[in-house]
Amino acid sequence: MTTTDDAVEATLERLSRQQKLSLVRGAPDPEGTATGYLPGVDAAGVPPFRLVDGPLGIRAEGERATAFPASIATAATFDADLARRQGAAMAREATALNQDALLAPGVNVIRVPHCGRNFEYLSEDPVAAGDIGAALVEGIESEGVVATVKHFVANNQETHRTTVSAEVDERTLRELYLPPFRAAVDAGVGSVMTAYNRVNGTHMSDHGYLLGDVLKGEWGFEGYAVSDWYGLETTVGAATAGLDVEMPGISIADAGDGDAELDDFEWPDGIPDGTRAGLFGEPLAEAIEAGEVPPARLDDMVRRVLGQMARFGRLDADGAGAGAHEVADGSRDDAGELDSQRHRDVAREVAARGTVLLDNDGVLPLDDGADVAVIGPHVDEAKLGGGGSSETTPFRSVSPLDGIEARAEGAVASAFGVTRIESVSLFDMLPFVGEEADDETGDAAEVEETDDRDPSLDDAVAAAEAADAAVVFVRDATTEALDRDTLALPGEQDALVAAVADANDDTVVVVRSGGPVSLPWREDVAAVVEQWYPGQADGEAVADVLYGDRDPGGRLPVTFASEETYPTADDDRRFPGVDGAVHYDEGLFVGYRHFDAADAEPTYPFGHGRSYATFEYGAAETGEDQTVSVTVENVADRPGREVVQAYVSPPDVDGVERPEREFAAAESVRLDAGERRTVTLSLDDLALSRYDTEDGWTVDSGTYAVEVGRSARDVRASATLER
Ligand code: BGC
């Protein structure tokens, strides 16, 4: 036994049944900042423990923090080191705000382009999502904060998310939806949050097979499984399945968010009933008394929570009552770090490096001295993120207009062109929470002030005509708890782009979206840039990329295609489901796997993204230890960033259906003008193996093609691998 195990066992010994119960069910946070709170047991040396949202930065109630870009932007960097740095920065901010566990990262595979939470997730590919998710976990935990990977599992849509059953076969679960969680567990994640939905009929908080057998059994997960908020379905089912902690544990009324309105409030679809709480309180005590839940299971739950506290230096083995941020030997009181220059720099770097240059006929990078028209309904406001539990309130933010004005040497004109796009948020669906939140941040006042700006398309056209180049900023509006009903950009933004493109041949469109959107004008403009939700550094990052101070280092972690060509289009069974069930009939054929199998041309393939530089690839060579090496040369006269990607195609095996190719590895490399480098990629096991329901993970013998290139559809070199 290690010292931390000893500390955990010694602490457990000292706890009464009631005290143990208080460590597996959330309670009100006396400081009021945490999203979820465990009160601790002072007499036994167990400090209070705070859990806080979320993936885009810290959302501690009433506090400000760095607003990092949307997770999908982090994924678009294909750079695990950068993701690790972002995770570490978020953890230092959590510590500064006195929080112990971060409710991030979200790693659900992006199955449906309409999902309102795609911006909080990483990729349509399990290896890409697993790599970046694991790096975020490592970064967060490297700074002494527990990471919480969510939402386990098959929470791939928001419509009916609290009730719907994802009907998905075992092989698909194993090959697509589970691997990012497995990668997080292998990276040492301290906590796993269960999803609201059911999988094959069983609610995830009650899922003995996935929670107990797979996560804790097969994968050996030793941390604690926490429910999503108000996401517990039963007491005995959850306790015996393997759920360890109920959050928030108290009714929304007791959390101080109003009560009178709650009596006849109809909870909207996608929002859990906030009065359903306390299932791990008295009901769990009674179930143990009645012999329905063994007392040893309660010990196991508590052991798992204490285990993470001990691991991150929160537990005092002597029961002397350690401070929440003291390491085990009590030598350090970590104050964390908030809104520091290096955190601002990470936010800016991720925003710029996650930017994907979809098309460019040469207008970009802009000339320093060009006269620029900056156009769009929100050019005066940074696009921080989407709606819901990941919303952040930054200390500072830079709008696109301010960022461009600060960088441009030519004249900068601006026009809104069309009316604002109404933002959407889960909190607006909860009247009693929304009002309060708005009062605190002043957001409501801001919206009113800017709503009567009387935007005019003529002004936008005039500004575009007078400028050397026009840059149009467009956005979608997405939130947790709601899926989009169309991939089209909202409002009159498509018309705005068309009018500006008519007026100026050098029109650049910068898209801010949570995932794929329709770009009907893309062939009529000179360049298209995808920036996801860039966070507080918005204007700085976009200026970095537009003026070429940074090469657009992002590549698509999701396929962009016409709305009707996605595998979940036009089939209610597949999305949003029928009679309470959503059928994953497409099986493995999600994202690029589908477009390959259907031989359909996507608008922009998975992995796509242009650079301002030009790269040439040498021959690919596979190595003994499941690697592939290739020499890449920057043949341009400027530095650039290339994301070298590897895909694996399996041999044909009779009667076995496999995707044509699977993403296996990527590395983001910066090359100076004229520089050559040999890049060696380790091919992920997942890309070579398949899951057989009888034999488990299987690697078929035969010849595997290893393709190296710039996207799933742009292969530059290939080699083979024998198995
Ligand atoms: C979300 C979680 C979040 C939790 C706490 C839920 O609505 O699904 O991702 O961490 O709320 O805010």
# chains A, B, ... in the order shown; residues from 1 in each chain; ligands from 1
call {"tool": "residues_near_ligand", "arguments": {"ligand": "ligand 1", "cutoff": "9 Å", "atoms": "only C-alpha atoms and all ligand atoms", "output": "VMD selection string"}}
result
chain A and resid 35 to 36 51 to 55 59 102 to 104 106 120 148 150 to 151 193 195 to 196 227 to 231 247 to 248 270 to 272 388 to 390 426 480 to 481
call {"tool": "residues_around", "arguments": {"residues": "segment 275-287 of chain A", "least_positions_apart": "4", "cutoff": "8 Å", "atoms": "only C-alpha atoms", "output": "list in words"}}
result
Leu21, Ser22, Val24, Arg25, Tyr230, Leu232, Thr234, Thr235, Val236, Val245, Glu246, Met247, Pro248, Gly249, Ile250, Ser251, Ile252, Ala253, Gly291, Glu292 and Val293 of chain A
call {"tool": "closest_residue", "arguments": {"among": "A:Leu357, A:Leu366, A:His114, A:Ile140", "to": "Ser518 of chain A", "atoms": "only C-alpha atoms"}}
result
A:His114
call {"tool": "residues_around", "arguments": {"residues": "Ala382 of chain A", "least_positions_apart": "3", "cutoff": "6 Å", "atoms": "only C-alpha atoms", "output": "PyMOL selection string"}}
result
chain A and resi 398-399+538
call {"tool": "atom_distance", "arguments": {"atom1": "atom CA of Asp458 of chain A", "atom2": "atom CA of Phe416 of chain A"}}
result
10.2 Å
call {"tool": "residues_around", "arguments": {"residues": "segment 352-355 of chain A", "least_positions_apart": "6", "cutoff": "8 Å", "atoms": "only C-alpha atoms", "output": "list in words"}}
result
Ala73, Thr74, Ala75, Ala76, Thr77, Val529, Glu530, Gln531, Trp532, Ala541, Val542, Asp544, Val545, Arg550, Asp551, Pro552, Gly553, Gly554 and Arg555 of chain A
call {"tool": "decode", "arguments": {"residues": "segment 250-280 of chain A", "atoms": "N, CA, C and O atoms", "output": "mmCIF file, in the first residue's frame"}}
result
data_model
loop_
_atom_site.group_PDB
_atom_site.id
_atom_site.type_symbol
_atom_site.label_atom_id
_atom_site.label_comp_id
_atom_site.auth_asym_id
_atom_site.auth_seq_id
_atom_site.Cartn_x
_atom_site.Cartn_y
_atom_site.Cartn_z
ATOM 1 N N ILE A 250 -28.780 18.498 -4.076
ATOM 2 C CA ILE A 250 -29.834 19.295 -3.441
ATOM 3 C C ILE A 250 -30.749 19.852 -4.509
ATOM 4 O O ILE A 250 -30.320 20.117 -5.629
ATOM 5 N N SER A 251 -32.003 20.073 -4.142
ATOM 6 C CA SER A 251 -32.965 20.626 -5.094
ATOM 7 C C SER A 251 -32.538 22.024 -5.502
ATOM 8 O O SER A 251 -31.938 22.766 -4.717
ATOM 9 N N ILE A 252 -32.866 22.401 -6.712
ATOM 10 C CA ILE A 252 -32.527 23.734 -7.210
ATOM 11 C C ILE A 252 -33.125 24.807 -6.293
ATOM 12 O O ILE A 252 -32.558 25.885 -6.125
ATOM 13 N N ALA A 253 -34.244 24.502 -5.656
ATOM 14 C CA ALA A 253 -34.858 25.464 -4.737
ATOM 15 C C ALA A 253 -33.944 25.697 -3.535
ATOM 16 O O ALA A 253 -33.711 26.826 -3.119
ATOM 17 N N ASP A 254 -33.360 24.631 -3.016
ATOM 18 C CA ASP A 254 -32.481 24.774 -1.849
ATOM 19 C C ASP A 254 -31.149 25.404 -2.218
ATOM 20 O O ASP A 254 -30.413 25.870 -1.364
ATOM 21 N N ALA A 255 -30.829 25.396 -3.514
ATOM 22 C CA ALA A 255 -29.569 25.990 -3.936
ATOM 23 C C ALA A 255 -29.692 27.507 -4.025
ATOM 24 O O ALA A 255 -28.754 28.199 -4.382
ATOM 25 N N GLY A 256 -30.900 28.017 -3.709
ATOM 26 C CA GLY A 256 -31.056 29.469 -3.641
ATOM 27 C C GLY A 256 -31.410 30.105 -4.972
ATOM 28 O O GLY A 256 -31.247 31.300 -5.159
ATOM 29 N N ASP A 257 -31.868 29.303 -5.910
ATOM 30 C CA ASP A 257 -32.213 29.868 -7.209
ATOM 31 C C ASP A 257 -33.721 30.104 -7.349
ATOM 32 O O ASP A 257 -34.307 29.883 -8.401
ATOM 33 N N GLY A 258 -34.351 30.519 -6.309
ATOM 34 C CA GLY A 258 -35.784 30.787 -6.381
ATOM 35 C C GLY A 258 -36.572 29.527 -6.088
ATOM 36 O O GLY A 258 -36.044 28.438 -6.198
ATOM 37 N N ASP A 259 -37.838 29.673 -5.698
ATOM 38 C CA ASP A 259 -38.611 28.473 -5.409
ATOM 39 C C ASP A 259 -40.064 28.574 -5.842
ATOM 40 O O ASP A 259 -40.601 27.656 -6.419
ATOM 41 N N ALA A 260 -40.689 29.754 -5.632
ATOM 42 C CA ALA A 260 -42.125 29.862 -5.898
ATOM 43 C C ALA A 260 -42.451 29.401 -7.315
ATOM 44 O O ALA A 260 -43.399 28.654 -7.548
ATOM 45 N N GLU A 261 -41.632 29.827 -8.273
ATOM 46 C CA GLU A 261 -41.906 29.504 -9.686
ATOM 47 C C GLU A 261 -41.785 28.015 -9.954
ATOM 48 O O GLU A 261 -42.259 27.510 -10.949
ATOM 49 N N LEU A 262 -41.091 27.301 -9.082
ATOM 50 C CA LEU A 262 -40.768 25.916 -9.374
ATOM 51 C C LEU A 262 -41.984 24.997 -9.338
ATOM 52 O O LEU A 262 -42.028 24.004 -10.043
ATOM 53 N N ASP A 263 -42.987 25.366 -8.496
ATOM 54 C CA ASP A 263 -44.105 24.460 -8.289
ATOM 55 C C ASP A 263 -44.772 24.041 -9.583
ATOM 56 O O ASP A 263 -45.040 22.885 -9.810
ATOM 57 N N ASP A 264 -45.063 25.050 -10.423
ATOM 58 C CA ASP A 264 -45.711 24.644 -11.668
ATOM 59 C C ASP A 264 -44.832 24.886 -12.890
ATOM 60 O O ASP A 264 -45.311 25.081 -13.990
ATOM 61 N N PHE A 265 -43.546 24.845 -12.679
ATOM 62 C CA PHE A 265 -42.627 25.035 -13.804
ATOM 63 C C PHE A 265 -42.553 23.768 -14.638
ATOM 64 O O PHE A 265 -42.402 22.671 -14.125
ATOM 65 N N GLU A 266 -42.698 23.941 -15.932
ATOM 66 C CA GLU A 266 -42.566 22.782 -16.814
ATOM 67 C C GLU A 266 -41.159 22.750 -17.359
ATOM 68 O O GLU A 266 -40.755 23.635 -18.104
ATOM 69 N N TRP A 267 -40.400 21.736 -16.968
ATOM 70 C CA TRP A 267 -39.005 21.676 -17.389
ATOM 71 C C TRP A 267 -38.920 21.455 -18.887
ATOM 72 O O TRP A 267 -39.466 20.472 -19.399
ATOM 73 N N PRO A 268 -38.237 22.369 -19.590
ATOM 74 C CA PRO A 268 -38.162 22.216 -21.051
ATOM 75 C C PRO A 268 -37.390 20.959 -21.435
ATOM 76 O O PRO A 268 -36.581 20.458 -20.643
ATOM 77 N N ASP A 269 -37.626 20.486 -22.641
ATOM 78 C CA ASP A 269 -36.882 19.330 -23.141
ATOM 79 C C ASP A 269 -35.388 19.643 -23.065
ATOM 80 O O ASP A 269 -34.955 20.749 -23.360
ATOM 81 N N GLY A 270 -34.619 18.669 -22.642
ATOM 82 C CA GLY A 270 -33.172 18.875 -22.585
ATOM 83 C C GLY A 270 -32.691 19.384 -21.238
ATOM 84 O O GLY A 270 -31.499 19.438 -20.977
ATOM 85 N N ILE A 271 -33.645 19.776 -20.368
ATOM 86 C CA ILE A 271 -33.249 20.273 -19.043
ATOM 87 C C ILE A 271 -33.754 19.291 -17.987
ATOM 88 O O ILE A 271 -34.940 18.976 -17.943
ATOM 89 N N PRO A 272 -32.867 18.825 -17.139
ATOM 90 C CA PRO A 272 -33.299 17.864 -16.121
ATOM 91 C C PRO A 272 -34.143 18.563 -15.055
ATOM 92 O O PRO A 272 -33.984 19.761 -14.833
ATOM 93 N N ASP A 273 -35.013 17.826 -14.424
ATOM 94 C CA ASP A 273 -35.849 18.367 -13.356
ATOM 95 C C ASP A 273 -34.966 18.690 -12.146
ATOM 96 O O ASP A 273 -34.461 17.793 -11.467
ATOM 97 N N GLY A 274 -34.802 19.976 -11.905
ATOM 98 C CA GLY A 274 -33.895 20.439 -10.847
ATOM 99 C C GLY A 274 -34.412 20.222 -9.440
ATOM 100 O O GLY A 274 -33.764 20.634 -8.470
ATOM 101 N N THR A 275 -35.579 19.617 -9.316
ATOM 102 C CA THR A 275 -36.052 19.325 -7.960
ATOM 103 C C THR A 275 -35.794 17.864 -7.601
ATOM 104 O O THR A 275 -36.024 17.447 -6.472
ATOM 105 N N ARG A 276 -35.337 17.105 -8.561
ATOM 106 C CA ARG A 276 -35.054 15.688 -8.300
ATOM 107 C C ARG A 276 -33.649 15.557 -7.739
ATOM 108 O O ARG A 276 -32.669 15.563 -8.483
ATOM 109 N N ALA A 277 -33.540 15.479 -6.453
ATOM 110 C CA ALA A 277 -32.214 15.433 -5.844
ATOM 111 C C ALA A 277 -32.302 14.738 -4.496
ATOM 112 O O ALA A 277 -33.387 14.551 -3.953
ATOM 113 N N GLY A 278 -31.167 14.333 -4.001
ATOM 114 C CA GLY A 278 -31.135 13.701 -2.683
ATOM 115 C C GLY A 278 -31.290 12.198 -2.729
ATOM 116 O O GLY A 278 -31.547 11.553 -1.712
ATOM 117 N N LEU A 279 -31.113 11.592 -3.875
ATOM 118 C CA LEU A 279 -31.277 10.130 -3.986
ATOM 119 C C LEU A 279 -30.162 9.373 -3.259
ATOM 120 O O LEU A 279 -30.334 8.217 -2.877
ATOM 121 N N PHE A 280 -29.019 10.044 -3.092
ATOM 122 C CA PHE A 280 -27.939 9.430 -2.305
ATOM 123 C C PHE A 280 -27.930 9.966 -0.862
ATOM 124 O O PHE A 280 -26.957 9.810 -0.143
#
